[in-house]
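As provided, model.txt (compact mmCIF, C-alpha atoms) reads as follows.
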```
# COMPACT_ATOMS: atom_id res chain seq x y z
CA MET A 1 163.15 98.25 90.06
CA LEU A 2 159.83 100.03 90.60
CA ILE A 3 156.83 98.03 89.38
CA ALA A 4 153.24 99.30 89.49
CA THR A 5 149.76 98.08 88.60
CA TRP A 6 146.68 100.13 87.73
CA ASN A 7 143.19 99.27 86.51
CA VAL A 8 142.63 102.40 84.42
CA ASN A 9 139.08 101.67 83.17
CA SER A 10 139.93 102.87 79.61
CA VAL A 11 143.48 103.88 78.78
CA ARG A 12 142.36 106.50 76.28
CA THR A 13 139.96 108.17 78.73
CA ARG A 14 142.58 108.23 81.51
CA LEU A 15 145.62 108.92 79.32
CA SER A 16 146.45 112.38 80.69
CA GLN A 17 146.21 111.15 84.29
CA ILE A 18 148.42 108.14 83.53
CA ILE A 19 151.08 110.28 81.87
CA ASP A 20 150.97 112.81 84.72
CA TRP A 21 151.41 109.98 87.23
CA ILE A 22 154.32 108.48 85.28
CA ASN A 23 156.03 111.87 85.24
CA GLN A 24 155.64 112.09 89.01
CA VAL A 25 156.58 108.53 89.97
CA ASN A 26 158.83 107.35 87.10
CA PRO A 27 158.09 103.60 87.33
CA ASP A 28 160.32 101.11 85.52
CA ILE A 29 157.31 98.92 84.71
CA LEU A 30 153.62 99.81 84.68
CA CYS A 31 151.01 97.10 84.16
CA LEU A 32 147.56 98.26 83.12
CA GLN A 33 144.22 96.47 83.16
CA GLU A 34 140.85 97.21 81.58
CA THR A 35 142.45 99.20 78.79
CA LYS A 36 139.30 98.78 76.65
CA VAL A 37 140.95 99.26 73.26
CA ILE A 38 142.08 97.08 70.36
CA ASP A 39 145.83 96.79 69.93
CA ASN A 40 146.07 99.01 66.85
CA ASP A 41 144.31 101.88 68.63
CA PHE A 42 146.30 101.77 71.87
CA PRO A 43 147.90 105.20 72.43
CA THR A 44 151.52 104.00 72.42
CA GLU A 45 153.19 107.24 71.32
CA PRO A 46 152.88 109.20 74.61
CA PHE A 47 154.54 106.31 76.46
CA GLU A 48 157.24 105.82 73.84
CA ASN A 49 158.03 109.54 74.02
CA LEU A 50 158.86 108.97 77.69
CA GLY A 51 161.19 106.09 76.86
CA TYR A 52 158.83 103.16 77.42
CA GLU A 53 158.21 100.02 75.38
CA VAL A 54 154.51 99.15 75.12
CA ILE A 55 153.21 95.57 74.89
CA VAL A 56 149.44 95.21 74.58
CA PHE A 57 146.67 92.62 74.44
CA GLY A 58 143.31 94.30 74.09
CA GLN A 59 139.80 94.31 72.72
CA LYS A 60 137.16 96.89 71.96
CA SER A 61 135.24 98.36 74.91
CA TYR A 62 136.09 95.59 77.40
CA ASN A 63 138.99 94.05 79.31
CA GLY A 64 142.49 94.48 77.87
CA VAL A 65 145.93 94.40 79.52
CA ALA A 66 149.26 96.08 78.82
CA ILE A 67 152.86 96.08 80.00
CA ILE A 68 154.68 99.40 79.73
CA SER A 69 158.40 99.10 80.47
CA LYS A 70 161.59 101.15 80.40
CA ILE A 71 163.52 97.88 80.43
CA LYS A 72 163.72 95.56 77.42
CA VAL A 73 160.74 93.19 77.20
CA GLU A 74 161.36 89.64 75.98
CA ASN A 75 159.41 86.41 75.41
CA VAL A 76 155.96 88.02 75.33
CA ASN A 77 152.93 85.76 75.76
CA ARG A 78 149.29 86.76 75.39
CA GLY A 79 146.55 84.70 76.99
CA PHE A 80 146.67 81.00 77.83
CA ASP A 81 148.83 79.42 75.14
CA SER A 82 149.30 75.97 73.60
CA SER A 83 152.56 75.28 75.45
CA THR A 84 150.55 74.69 78.64
CA PHE A 85 146.90 74.23 77.65
CA ASP A 86 144.96 72.22 75.11
CA GLN A 87 142.89 73.91 72.43
CA ASN A 88 139.60 73.51 74.31
CA ILE A 89 140.92 75.58 77.22
CA ILE A 90 142.45 78.18 74.91
CA LYS A 91 139.23 78.53 72.93
CA LYS A 92 137.15 78.87 76.10
CA PHE A 93 139.07 81.94 77.25
CA GLU A 94 140.37 83.48 74.03
CA ASP A 95 137.56 86.03 73.58
CA GLN A 96 138.43 87.93 76.77
CA LYS A 97 141.84 89.60 76.79
CA ARG A 98 142.88 89.31 80.43
CA LEU A 99 146.43 87.98 80.58
CA ILE A 100 149.81 89.11 79.27
CA TYR A 101 153.24 88.07 80.52
CA ALA A 102 156.86 88.56 79.56
CA ASP A 103 160.45 88.42 80.79
CA ILE A 104 161.94 91.70 82.00
CA SER A 105 165.43 91.81 83.52
CA GLY A 106 165.26 88.21 84.73
CA ILE A 107 161.74 88.46 86.17
CA LYS A 108 158.60 86.92 84.71
CA ILE A 109 156.07 89.76 84.83
CA ILE A 110 152.54 88.30 84.73
CA ASN A 111 149.81 90.92 84.38
CA VAL A 112 146.23 89.73 84.99
CA TYR A 113 142.73 91.12 84.93
CA VAL A 114 140.73 88.44 86.75
CA PRO A 115 137.01 88.26 85.85
CA ASN A 116 134.65 89.91 88.34
CA GLY A 117 132.26 86.96 88.50
CA SER A 118 129.08 89.03 88.87
CA ALA A 119 127.22 86.76 91.33
CA LEU A 120 128.02 83.48 93.05
CA ASN A 121 125.30 81.49 91.32
CA SER A 122 126.05 82.79 87.82
CA GLU A 123 127.85 81.42 84.77
CA LYS A 124 130.23 84.38 85.07
CA PHE A 125 131.27 83.17 88.51
CA GLU A 126 132.01 79.70 87.18
CA TYR A 127 134.05 81.35 84.41
CA LYS A 128 136.01 83.29 87.05
CA ILE A 129 136.91 80.19 89.07
CA ASN A 130 137.87 78.23 85.96
CA TRP A 131 140.01 81.15 84.79
CA LEU A 132 141.80 81.27 88.14
CA ASN A 133 142.40 77.52 88.02
CA CYS A 134 144.05 77.95 84.61
CA LEU A 135 146.16 80.78 86.00
CA ALA A 136 147.30 78.44 88.79
CA SER A 137 148.37 75.87 86.18
CA LEU A 138 150.24 78.55 84.24
CA ILE A 139 152.10 79.66 87.38
CA ASP A 140 152.95 76.03 88.16
CA GLU A 141 154.56 75.68 84.74
CA GLN A 142 156.51 78.92 85.04
CA GLU A 143 157.75 77.95 88.49
CA LYS A 144 159.03 74.61 87.18
CA LYS A 145 161.32 76.60 84.89
CA GLY A 146 162.82 78.29 87.92
CA ASP A 147 161.53 81.71 86.97
CA LEU A 148 161.42 84.56 89.45
CA ILE A 149 157.84 85.80 89.18
CA CYS A 150 156.00 89.04 89.78
CA LEU A 151 152.28 88.33 89.48
CA LEU A 152 150.18 91.47 89.56
CA GLY A 153 146.98 93.12 88.47
CA ASP A 154 143.31 93.42 89.29
CA PHE A 155 142.30 90.14 90.96
CA ASN A 156 138.73 91.16 91.85
CA ILE A 157 139.18 89.35 95.18
CA ALA A 158 139.80 90.70 98.66
CA PRO A 159 142.20 88.14 100.18
CA SER A 160 141.01 88.70 103.76
CA ASN A 161 138.57 90.69 105.85
CA TYR A 162 141.34 93.27 106.38
CA ASP A 163 140.90 94.11 102.71
CA ILE A 164 137.25 95.23 102.89
CA HIS A 165 135.92 98.36 104.60
CA ASP A 166 132.92 96.50 106.05
CA PRO A 167 133.70 92.76 105.97
CA LYS A 168 130.59 91.67 107.87
CA LYS A 169 128.34 93.37 105.32
CA TYR A 170 129.98 91.60 102.37
CA GLU A 171 130.84 88.28 104.02
CA GLY A 172 130.36 85.39 101.60
CA GLY A 173 129.49 87.69 98.69
CA ILE A 174 131.20 88.30 95.37
CA MET A 175 134.90 89.18 95.69
CA ALA A 176 134.82 88.01 99.33
CA SER A 177 133.56 84.43 99.12
CA GLU A 178 135.42 81.41 100.44
CA VAL A 179 135.35 79.83 96.98
CA GLU A 180 137.17 82.80 95.45
CA ARG A 181 139.71 83.00 98.24
CA ILE A 182 140.46 79.29 97.93
CA ALA A 183 140.93 79.73 94.16
CA LEU A 184 143.31 82.65 94.77
CA ASN A 185 145.25 80.70 97.38
CA ASN A 186 145.55 77.87 94.84
CA VAL A 187 147.30 80.35 92.56
CA ILE A 188 149.57 81.65 95.32
CA LYS A 189 150.20 78.27 97.02
CA GLY A 190 152.35 79.89 99.68
CA ARG A 191 155.11 80.51 97.15
CA PHE A 192 154.50 84.25 96.78
CA ILE A 193 154.60 87.23 99.10
CA ASP A 194 151.79 89.79 99.01
CA SER A 195 154.22 92.69 98.64
CA PHE A 196 151.84 95.34 100.01
CA ARG A 197 151.61 93.50 103.33
CA ILE A 198 155.38 93.72 103.81
CA TYR A 199 154.83 97.40 104.58
CA GLU A 200 151.20 97.72 105.63
CA LYS A 201 149.87 95.17 108.14
CA ASP A 202 146.59 96.87 109.02
CA ALA A 203 143.21 97.38 107.40
CA GLY A 204 142.12 100.70 105.93
CA HIS A 205 144.06 100.62 102.66
CA TRP A 206 142.01 100.29 99.47
CA SER A 207 142.65 100.06 95.74
CA TRP A 208 139.03 100.18 94.52
CA TRP A 209 135.88 102.02 95.50
CA ASP A 210 132.38 101.36 94.17
CA TYR A 211 131.26 104.30 92.03
CA ARG A 212 127.89 104.25 93.77
CA ASN A 213 126.88 105.78 97.10
CA ASN A 214 129.88 108.13 97.41
CA ALA A 215 132.13 105.20 98.31
CA PHE A 216 135.33 107.08 97.45
CA GLU A 217 134.36 110.20 99.39
CA LEU A 218 133.43 108.04 102.40
CA ASN A 219 136.55 105.86 101.94
CA LYS A 220 134.47 102.69 101.74
CA GLY A 221 136.84 100.65 99.63
CA TRP A 222 138.33 97.24 98.90
CA ARG A 223 141.87 96.04 98.27
CA ILE A 224 141.42 93.83 95.19
CA ASP A 225 144.55 94.85 93.23
CA HIS A 226 147.71 93.03 94.26
CA ILE A 227 151.41 92.58 93.50
CA TYR A 228 152.71 89.13 94.44
CA ILE A 229 156.43 88.38 94.31
CA SER A 230 158.42 85.15 94.49
CA LYS A 231 159.75 84.45 97.96
```

File written out as structure tokens:
Amino acid sequence: MLIATWNVNSVRTRLSQIIDWINQVNPDILCLQETKVIDNDFPTEPFENLGYEVIVFGQKSYNGVAIISKIKVENVNRGFDSSTFDQNIIKKFEDQKRLIYADISGIKIINVYVPNGSALNSEKFEYKINWLNCLASLIDEQEKKGDLICLLGDFNIAPSNYDIHDPKKYEGGIMASEVERIALNNVIKGRFIDSFRIYEKDAGHWSWWDYRNNAFELNKGWRIDHIYISK
């Protein structure tokens, strides 16, 4: 089974590139983040024409996640739900569409778009850490059920200094702070494998580049998008 993740920064803007990539790679499952479109306006037809089922959870102009699968999708959940969380938690996070998960061929596929956090002393950063703590609780509950899990998406965190082009420059800052890494490790809890690191042990591999200062052209990137799999 070939599973991929991609923050597309607007599915409608990037649609032709996504379809071209699917035609080249032929993934079984593609998880998208930052789709930036309400569910009714998601461009499902091009994916369905290629034999994919499309499950979405979106909002206008911001956030949004989707699971696109050639394999039957079952038991779809959107956001933090009442089976695990009380209404206060659900209400706190319901405005931002950042989480969708489902069962596909015996695997719990959990697609996340973790908040950026903006700055360490901001309310957005507190929101990010609280969101990650809820994700950890969700994973705990899924694990109790004995589910095999694939947790993937845009985490907006570089797990180690190997995942930043210039770690000294960004040490302790947003996406590289100890607080964020602790929160991510609380989600992982040693029960998942960072699948990328099975194959690539060294630095120099990035999934995101800042749009400013020619970061892509200069290959000054970060690895903040991950696919974690049950051991």

Any idea what the distance is between atom CA of A:Arg98 and atom CA of A:Val112?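 Distance reported for this atom pair: 5.7 Å.
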
What gap, in Å, lies between atom CA of A:Leu30 and atom CA of A:Trp206? 18.8 Å

Env of A:Ile107: 7 Å cut, atoms = all atoms listed in the file, seq-sep filter 6 positions within chain, self excluded. Answer as a PyMOL selection string. chain A and resi 147-150

Atom CA of A:Asp202 and atom CA of A:Asn214 are how many Å apart?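 If I compute the distance from atom CA of A:Asp202 to atom CA of A:Asn214, I get 23.3 Å.
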
Protein/DNA/RNA residues near (153.9, 98.1, 77.1), cut 6 Å, all atoms listed in the file, as a list in words: Glu53, Val54, Ile55, Val56, Ala66, Ile67, Ile68 and Ser69 of chain A

What's the 12 Å shell around A:Thr13, counting all atoms listed in the file, without same-chain residues fewer than 2 positions away, as a PyMOL selection string? chain A and resi 8-11+15-19+34-37+42-43+61
